[in-house]
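Coordinates as given in input.pdb (PDB, N, CA and C atoms):
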ATOM      1  N   LEU H   1       0.820  -1.198   0.000  1.00  0.00           N
ATOM      2  CA  LEU H   1       0.000   0.000   0.000  1.00  0.00           C
ATOM      3  C   LEU H   1       0.862   1.259   0.000  1.00  0.00           C
ATOM      4  N   GLN H   2       2.042   1.171   0.594  1.00  0.00           N
ATOM      5  CA  GLN H   2       2.935   2.323   0.576  1.00  0.00           C
ATOM      6  C   GLN H   2       3.392   2.627  -0.849  1.00  0.00           C
ATOM      7  N   GLU H   3       3.591   1.594  -1.650  1.00  0.00           N
ATOM      8  CA  GLU H   3       4.029   1.789  -3.032  1.00  0.00           C
ATOM      9  C   GLU H   3       2.894   2.242  -3.937  1.00  0.00           C
ATOM     10  N   HIS H   4       1.662   1.960  -3.544  1.00  0.00           N
ATOM     11  CA  HIS H   4       0.489   2.322  -4.345  1.00  0.00           C
ATOM     12  C   HIS H   4      -0.560   2.970  -3.433  1.00  0.00           C
ATOM     13  N   PRO H   5      -0.349   4.207  -3.025  1.00  0.00           N
ATOM     14  CA  PRO H   5      -1.275   4.848  -2.087  1.00  0.00           C
ATOM     15  C   PRO H   5      -2.632   5.205  -2.697  1.00  0.00           C
ATOM     16  N   MET H   6      -2.704   5.227  -4.016  1.00  0.00           N
ATOM     17  CA  MET H   6      -3.962   5.557  -4.685  1.00  0.00           C
ATOM     18  C   MET H   6      -4.601   4.278  -5.223  1.00  0.00           C
ATOM     19  N   CYS H   7      -5.898   4.194  -5.139  1.00  0.00           N
ATOM     20  CA  CYS H   7      -6.638   3.034  -5.625  1.00  0.00           C
ATOM     21  C   CYS H   7      -6.320   2.798  -7.097  1.00  0.00           C
ATOM     22  N   GLU H   8      -6.006   1.560  -7.442  1.00  0.00           N
ATOM     23  CA  GLU H   8      -5.636   1.229  -8.814  1.00  0.00           C
ATOM     24  C   GLU H   8      -6.836   0.886  -9.691  1.00  0.00           C
ATOM     25  N   ALA H   9      -8.022   0.807  -9.114  1.00  0.00           N
ATOM     26  CA  ALA H   9      -9.212   0.484  -9.905  1.00  0.00           C
ATOM     27  C   ALA H   9      -9.896   1.745 -10.442  1.00  0.00           C
ATOM     28  N   HIS H  10     -10.000   2.752  -9.625  1.00  0.00           N
ATOM     29  CA  HIS H  10     -10.637   4.024 -10.025  1.00  0.00           C
ATOM     30  C   HIS H  10     -12.028   3.810 -10.621  1.00  0.00           C
ATOM     31  N   LEU H  11     -12.850   2.987 -10.002  1.00  0.00           N
ATOM     32  CA  LEU H  11     -14.189   2.726 -10.524  1.00  0.00           C
ATOM     33  C   LEU H  11     -15.068   3.972 -10.347  1.00  0.00           C
ATOM     34  N   PRO H  12     -15.563   4.529 -11.455  1.00  0.00           N
ATOM     35  CA  PRO H  12     -16.369   5.753 -11.381  1.00  0.00           C
ATOM     36  C   PRO H  12     -17.601   5.582 -10.482  1.00  0.00           C
ATOM     37  N   GLY H  13     -17.824   6.557  -9.624  1.00  0.00           N
ATOM     38  CA  GLY H  13     -18.980   6.542  -8.743  1.00  0.00           C
ATOM     39  C   GLY H  13     -18.842   5.597  -7.554  1.00  0.00           C
ATOM     40  N   ILE H  14     -17.727   4.866  -7.472  1.00  0.00           N
ATOM     41  CA  ILE H  14     -17.502   3.905  -6.392  1.00  0.00           C
ATOM     42  C   ILE H  14     -16.231   4.238  -5.623  1.00  0.00           C
ATOM     43  N   CYS H  15     -15.185   4.581  -6.338  1.00  0.00           N
ATOM     44  CA  CYS H  15     -13.847   4.755  -5.773  1.00  0.00           C
ATOM     45  C   CYS H  15     -13.803   5.905  -4.766  1.00  0.00           C
ATOM     46  N   THR H  16     -13.099   5.639  -3.650  1.00  0.00           N
ATOM     47  CA  THR H  16     -12.881   6.676  -2.643  1.00  0.00           C
ATOM     48  C   THR H  16     -11.444   7.196  -2.684  1.00  0.00           C
ATOM     49  N   GLU H  17     -10.724   6.860  -3.740  1.00  0.00           N
ATOM     50  CA  GLU H  17      -9.429   7.423  -4.106  1.00  0.00           C
ATOM     51  C   GLU H  17      -8.206   6.775  -3.464  1.00  0.00           C
ATOM     52  N   TYR H  18      -8.142   6.662  -2.134  1.00  0.00           N
ATOM     53  CA  TYR H  18      -6.937   6.162  -1.478  1.00  0.00           C
ATOM     54  C   TYR H  18      -7.024   4.658  -1.226  1.00  0.00           C
ATOM     55  N   SER H  19      -5.954   3.944  -1.527  1.00  0.00           N
ATOM     56  CA  SER H  19      -5.947   2.497  -1.309  1.00  0.00           C
ATOM     57  C   SER H  19      -5.870   2.191   0.188  1.00  0.00           C
ATOM     58  N   THR H  20      -6.669   1.217   0.581  1.00  0.00           N
ATOM     59  CA  THR H  20      -6.694   0.764   1.971  1.00  0.00           C
ATOM     60  C   THR H  20      -6.565  -0.757   2.058  1.00  0.00           C
ATOM     61  N   ASP H  21      -6.790  -1.441   0.943  1.00  0.00           N
ATOM     62  CA  ASP H  21      -6.827  -2.898   0.918  1.00  0.00           C
ATOM     63  C   ASP H  21      -5.897  -3.443  -0.154  1.00  0.00           C
ATOM     64  N   VAL H  22      -5.378  -4.637   0.094  1.00  0.00           N
ATOM     65  CA  VAL H  22      -4.645  -5.368  -0.931  1.00  0.00           C
ATOM     66  C   VAL H  22      -5.584  -6.457  -1.442  1.00  0.00           C
ATOM     67  N   HIS H  23      -5.917  -6.400  -2.715  1.00  0.00           N
ATOM     68  CA  HIS H  23      -6.776  -7.408  -3.337  1.00  0.00           C
ATOM     69  C   HIS H  23      -5.883  -8.456  -3.977  1.00  0.00           C
ATOM     70  N   HIS H  24      -6.107  -9.708  -3.618  1.00  0.00           N
ATOM     71  CA  HIS H  24      -5.374 -10.829  -4.204  1.00  0.00           C
ATOM     72  C   HIS H  24      -6.132 -11.241  -5.457  1.00  0.00           C
ATOM     73  N   LYS H  25      -5.638 -10.825  -6.615  1.00  0.00           N
ATOM     74  CA  LYS H  25      -6.355 -11.000  -7.877  1.00  0.00           C
ATOM     75  C   LYS H  25      -6.683 -12.451  -8.193  1.00  0.00           C
ATOM     76  N   GLU H  26      -5.843 -13.395  -7.731  1.00  0.00           N
ATOM     77  CA  GLU H  26      -6.078 -14.800  -8.053  1.00  0.00           C
ATOM     78  C   GLU H  26      -6.395 -15.632  -6.804  1.00  0.00           C
ATOM     79  N   GLY H  27      -6.660 -14.970  -5.699  1.00  0.00           N
ATOM     80  CA  GLY H  27      -6.984 -15.678  -4.470  1.00  0.00           C
ATOM     81  C   GLY H  27      -5.816 -15.675  -3.493  1.00  0.00           C
ATOM     82  N   ARG H  28      -6.034 -16.334  -2.344  1.00  0.00           N
ATOM     83  CA  ARG H  28      -5.031 -16.321  -1.276  1.00  0.00           C
ATOM     84  C   ARG H  28      -4.613 -17.723  -0.849  1.00  0.00           C
ATOM     85  N   ILE H  29      -4.902 -18.718  -1.643  1.00  0.00           N
ATOM     86  CA  ILE H  29      -4.604 -20.100  -1.265  1.00  0.00           C
ATOM     87  C   ILE H  29      -3.153 -20.453  -1.595  1.00  0.00           C
ATOM     88  N   GLY H  30      -2.488 -21.066  -0.639  1.00  0.00           N
ATOM     89  CA  GLY H  30      -1.114 -21.529  -0.844  1.00  0.00           C
ATOM     90  C   GLY H  30      -0.156 -20.388  -1.145  1.00  0.00           C
ATOM     91  N   ASP H  31       0.668 -20.598  -2.171  1.00  0.00           N
ATOM     92  CA  ASP H  31       1.682 -19.610  -2.533  1.00  0.00           C
ATOM     93  C   ASP H  31       1.091 -18.295  -3.024  1.00  0.00           C
ATOM     94  N   LEU H  32      -0.186 -18.294  -3.419  1.00  0.00           N
ATOM     95  CA  LEU H  32      -0.809 -17.070  -3.918  1.00  0.00           C
ATOM     96  C   LEU H  32      -0.908 -15.987  -2.840  1.00  0.00           C
ATOM     97  N   LEU H  33      -0.974 -16.405  -1.583  1.00  0.00           N
ATOM     98  CA  LEU H  33      -1.109 -15.441  -0.492  1.00  0.00           C
ATOM     99  C   LEU H  33       0.020 -14.417  -0.503  1.00  0.00           C
ATOM    100  N   LEU H  34       1.233 -14.861  -0.804  1.00  0.00           N
ATOM    101  CA  LEU H  34       2.388 -13.961  -0.765  1.00  0.00           C
ATOM    102  C   LEU H  34       2.924 -13.594  -2.142  1.00  0.00           C
ATOM    103  N   ASP H  35       2.200 -13.944  -3.198  1.00  0.00           N
ATOM    104  CA  ASP H  35       2.642 -13.646  -4.565  1.00  0.00           C
ATOM    105  C   ASP H  35       2.250 -12.214  -4.921  1.00  0.00           C
ATOM    106  N   ASP H  36       3.155 -11.280  -4.655  1.00  0.00           N
ATOM    107  CA  ASP H  36       2.832  -9.865  -4.865  1.00  0.00           C
ATOM    108  C   ASP H  36       2.671  -9.486  -6.332  1.00  0.00           C
ATOM    109  N   THR H  37       2.963 -10.377  -7.256  1.00  0.00           N
ATOM    110  CA  THR H  37       2.722 -10.089  -8.676  1.00  0.00           C
ATOM    111  C   THR H  37       1.227 -10.152  -8.995  1.00  0.00           C
ATOM    112  N   LYS H  38       0.450 -10.690  -8.070  1.00  0.00           N
ATOM    113  CA  LYS H  38      -0.993 -10.819  -8.291  1.00  0.00           C
ATOM    114  C   LYS H  38      -1.800 -10.002  -7.283  1.00  0.00           C
ATOM    115  N   TRP H  39      -1.166  -8.973  -6.742  1.00  0.00           N
ATOM    116  CA  TRP H  39      -1.846  -8.070  -5.825  1.00  0.00           C
ATOM    117  C   TRP H  39      -2.203  -6.780  -6.550  1.00  0.00           C
ATOM    118  N   ILE H  40      -3.258  -6.125  -6.066  1.00  0.00           N
ATOM    119  CA  ILE H  40      -3.620  -4.799  -6.556  1.00  0.00           C
ATOM    120  C   ILE H  40      -4.108  -3.992  -5.352  1.00  0.00           C
ATOM    121  N   ALA H  41      -3.677  -2.749  -5.264  1.00  0.00           N
ATOM    122  CA  ALA H  41      -4.065  -1.869  -4.155  1.00  0.00           C
ATOM    123  C   ALA H  41      -5.385  -1.188  -4.504  1.00  0.00           C
ATOM    124  N   LEU H  42      -6.376  -1.383  -3.635  1.00  0.00           N
ATOM    125  CA  LEU H  42      -7.707  -0.833  -3.878  1.00  0.00           C
ATOM    126  C   LEU H  42      -8.230  -0.098  -2.652  1.00  0.00           C
ATOM    127  N   CYS H  43      -9.160   0.809  -2.883  1.00  0.00           N
ATOM    128  CA  CYS H  43      -9.897   1.390  -1.767  1.00  0.00           C
ATOM    129  C   CYS H  43     -10.920   0.335  -1.324  1.00  0.00           C
ATOM    130  N   ARG H  44     -11.453   0.469  -0.161  1.00  0.00           N
ATOM    131  CA  ARG H  44     -12.405  -0.510   0.374  1.00  0.00           C
ATOM    132  C   ARG H  44     -13.618  -0.651  -0.544  1.00  0.00           C
ATOM    133  N   SER H  45     -14.121   0.466  -1.088  1.00  0.00           N
ATOM    134  CA  SER H  45     -15.306   0.418  -1.943  1.00  0.00           C
ATOM    135  C   SER H  45     -15.052  -0.363  -3.225  1.00  0.00           C
ATOM    136  N   CYS H  46     -13.923  -0.125  -3.867  1.00  0.00           N
ATOM    137  CA  CYS H  46     -13.594  -0.858  -5.095  1.00  0.00           C
ATOM    138  C   CYS H  46     -13.320  -2.328  -4.789  1.00  0.00           C
ATOM    139  N   HIS H  47     -12.714  -2.606  -3.637  1.00  0.00           N
ATOM    140  CA  HIS H  47     -12.452  -3.988  -3.239  1.00  0.00           C
ATOM    141  C   HIS H  47     -13.764  -4.744  -3.057  1.00  0.00           C
ATOM    142  N   GLU H  48     -14.706  -4.136  -2.379  1.00  0.00           N
ATOM    143  CA  GLU H  48     -16.020  -4.762  -2.201  1.00  0.00           C
ATOM    144  C   GLU H  48     -16.690  -4.986  -3.539  1.00  0.00           C
ATOM    145  N   TRP H  49     -16.584  -4.019  -4.454  1.00  0.00           N
ATOM    146  CA  TRP H  49     -17.180  -4.176  -5.782  1.00  0.00           C
ATOM    147  C   TRP H  49     -16.566  -5.375  -6.492  1.00  0.00           C
ATOM    148  N   CYS H  50     -15.240  -5.513  -6.440  1.00  0.00           N
ATOM    149  CA  CYS H  50     -14.570  -6.649  -7.090  1.00  0.00           C
ATOM    150  C   CYS H  50     -15.043  -7.970  -6.514  1.00  0.00           C
ATOM    151  N   GLU H  51     -15.209  -8.037  -5.208  1.00  0.00           N
ATOM    152  CA  GLU H  51     -15.664  -9.270  -4.562  1.00  0.00           C
ATOM    153  C   GLU H  51     -17.116  -9.574  -4.918  1.00  0.00           C
ATOM    154  N   ASN H  52     -17.934  -8.549  -5.076  1.00  0.00           N
ATOM    155  CA  ASN H  52     -19.358  -8.738  -5.370  1.00  0.00           C
ATOM    156  C   ASN H  52     -19.679  -8.861  -6.856  1.00  0.00           C
ATOM    157  N   HIS H  53     -18.729  -8.532  -7.713  1.00  0.00           N
ATOM    158  CA  HIS H  53     -18.931  -8.584  -9.171  1.00  0.00           C
ATOM    159  C   HIS H  53     -17.738  -9.293  -9.832  1.00  0.00           C
ATOM    160  N   PRO H  54     -17.551 -10.577  -9.541  1.00  0.00           N
ATOM    161  CA  PRO H  54     -16.349 -11.273 -10.021  1.00  0.00           C
ATOM    162  C   PRO H  54     -16.189 -11.309 -11.537  1.00  0.00           C
ATOM    163  N   ALA H  55     -17.253 -11.500 -12.274  1.00  0.00           N
ATOM    164  CA  ALA H  55     -17.139 -11.562 -13.738  1.00  0.00           C
ATOM    165  C   ALA H  55     -16.697 -10.217 -14.303  1.00  0.00           C
ATOM    166  N   GLU H  56     -17.304  -9.141 -13.819  1.00  0.00           N
ATOM    167  CA  GLU H  56     -16.938  -7.808 -14.279  1.00  0.00           C
ATOM    168  C   GLU H  56     -15.519  -7.449 -13.860  1.00  0.00           C
ATOM    169  N   ALA H  57     -15.129  -7.856 -12.644  1.00  0.00           N
ATOM    170  CA  ALA H  57     -13.767  -7.593 -12.170  1.00  0.00           C
ATOM    171  C   ALA H  57     -12.743  -8.316 -13.042  1.00  0.00           C
ATOM    172  N   GLN H  58     -13.073  -9.521 -13.494  1.00  0.00           N
ATOM    173  CA  GLN H  58     -12.184 -10.251 -14.398  1.00  0.00           C
ATOM    174  C   GLN H  58     -12.077  -9.537 -15.737  1.00  0.00           C
ATOM    175  N   GLU H  59     -13.196  -9.067 -16.255  1.00  0.00           N
ATOM    176  CA  GLU H  59     -13.195  -8.346 -17.531  1.00  0.00           C
ATOM    177  C   GLU H  59     -12.314  -7.099 -17.459  1.00  0.00           C
ATOM    178  N   LYS H  60     -12.316  -6.428 -16.322  1.00  0.00           N
ATOM    179  CA  LYS H  60     -11.536  -5.202 -16.147  1.00  0.00           C
ATOM    180  C   LYS H  60     -10.084  -5.478 -15.737  1.00  0.00           C
ATOM    181  N   GLY H  61      -9.744  -6.758 -15.505  1.00  0.00           N
ATOM    182  CA  GLY H  61      -8.384  -7.123 -15.137  1.00  0.00           C
ATOM    183  C   GLY H  61      -8.073  -6.980 -13.666  1.00  0.00           C
ATOM    184  N   PHE H  62      -9.093  -6.791 -12.824  1.00  0.00           N
ATOM    185  CA  PHE H  62      -8.885  -6.642 -11.389  1.00  0.00           C
ATOM    186  C   PHE H  62      -8.875  -7.989 -10.674  1.00  0.00           C
ATOM    187  N   SER H  63      -9.321  -9.034 -11.344  1.00  0.00           N
ATOM    188  CA  SER H  63      -9.319 -10.392 -10.806  1.00  0.00           C
ATOM    189  C   SER H  63      -8.918 -11.348 -11.921  1.00  0.00           C
ATOM    190  N   ILE H  64      -8.414 -12.503 -11.500  1.00  0.00           N
ATOM    191  CA  ILE H  64      -8.019 -13.542 -12.446  1.00  0.00           C
ATOM    192  C   ILE H  64      -8.864 -14.761 -12.166  1.00  0.00           C
ATOM    193  N   LYS H  65      -9.406 -15.355 -13.224  1.00  0.00           N
ATOM    194  CA  LYS H  65     -10.247 -16.539 -13.066  1.00  0.00           C
ATOM    195  C   LYS H  65      -9.447 -17.626 -12.359  1.00  0.00           C
ATOM    196  N   ARG H  66     -10.040 -18.196 -11.322  1.00  0.00           N
ATOM    197  CA  ARG H  66      -9.330 -19.161 -10.484  1.00  0.00           C
ATOM    198  C   ARG H  66      -9.486 -20.589 -10.965  1.00  0.00           C
ATOM    199  N   ILE H  67     -10.570 -20.897 -11.619  1.00  0.00           N
ATOM    200  CA  ILE H  67     -10.807 -22.250 -12.134  1.00  0.00           C
ATOM    201  C   ILE H  67     -10.829 -22.183 -13.643  1.00  0.00           C
ATOM    202  N   THR H  68     -10.029 -23.026 -14.291  1.00  0.00           N
ATOM    203  CA  THR H  68      -9.978 -23.007 -15.757  1.00  0.00           C
ATOM    204  C   THR H  68     -10.825 -24.077 -16.357  1.00  0.00           C
TER     205      THR H  68
END
Represent the structure contained in this file as structure tokens.
Amino acid sequence: LQEHPMCEAHLPGICTEYSTDVHHKEGRIGDLLLDDTKWIALCRSCHEWCENHPAEAQEKGFSIKRIT
């Protein structure tokens, strides 16, 4: 979060600007928990949106499909 103090999603009408959460784009199981190549810094509002809208978050590149 120190390296990315601003929300990286910038979802219009949702974003509160400053990052507060680390979103694990591909989940947190096993080695993914510490794989910082799959993290994105989000504000709480954008993070909640990503969790509640997984298909749309994948389309926007904020999440990675976990099951192929």
When you look at range 37-50 of chain H with a cut-off of 7 Å (counting only N, CA and C atoms), what residues show up, excluding the ones that are within fewer than 6 positions of it in the same chain? I need them as a ChimeraX atom specification. /H:1,4,6-11,14-26,56-57,62
Per-residue DSSP, range 1-52 of chain H, filtered to strand (DSSP E), as a PyMOL selection string: chain H and resi 21-24+39-42
Please produce a file of those selected residues containing N, CA and C atoms, as a short mmCIF file (atom, residue, chain, number, x, y, z; two decimals), keeping the file's coordinate frame.
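The resulting selection-v3.cif:
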data_model
loop_
_atom_site.label_atom_id
_atom_site.label_comp_id
_atom_site.auth_asym_id
_atom_site.auth_seq_id
_atom_site.Cartn_x
_atom_site.Cartn_y
_atom_site.Cartn_z
N ASP H 21 -6.79 -1.44 0.94
CA ASP H 21 -6.83 -2.90 0.92
C ASP H 21 -5.90 -3.44 -0.15
N VAL H 22 -5.38 -4.64 0.09
CA VAL H 22 -4.64 -5.37 -0.93
C VAL H 22 -5.58 -6.46 -1.44
N HIS H 23 -5.92 -6.40 -2.72
CA HIS H 23 -6.78 -7.41 -3.34
C HIS H 23 -5.88 -8.46 -3.98
N HIS H 24 -6.11 -9.71 -3.62
CA HIS H 24 -5.37 -10.83 -4.20
C HIS H 24 -6.13 -11.24 -5.46
N TRP H 39 -1.17 -8.97 -6.74
CA TRP H 39 -1.85 -8.07 -5.82
C TRP H 39 -2.20 -6.78 -6.55
N ILE H 40 -3.26 -6.12 -6.07
CA ILE H 40 -3.62 -4.80 -6.56
C ILE H 40 -4.11 -3.99 -5.35
N ALA H 41 -3.68 -2.75 -5.26
CA ALA H 41 -4.07 -1.87 -4.16
C ALA H 41 -5.38 -1.19 -4.50
N LEU H 42 -6.38 -1.38 -3.64
CA LEU H 42 -7.71 -0.83 -3.88
C LEU H 42 -8.23 -0.10 -2.65
#
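The two atoms in question, atom C of Gly27 in chain H and atom C of Glu59 in chain H, are spaced 17.6 Å apart.
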As number ranges by chain, please: all residues of range 2-41 of chain H that backbone DSSP puts in helix (DSSP H, G or I). H: 30-34, 36-38
Grab all the atoms of range 4-17 of chain H that the file lists, wrap them in a box along x, y and z, add 5 Å per side, and give me centre plus edge lengths in Å (one decimal) as lines of an AutoDock Vina configuration file.
center_x = -8.7
center_y = 4.0
center_z = -6.8
size_x = 30.6
size_y = 16.9
size_z = 19.4
Gap from CA of Ile29 in chain H to CA of Ser63 in chain H - Å, one decimal: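 Atom-to-atom, CA of Ile29 in chain H to CA of Ser63 in chain H, that is 14.4 Å.
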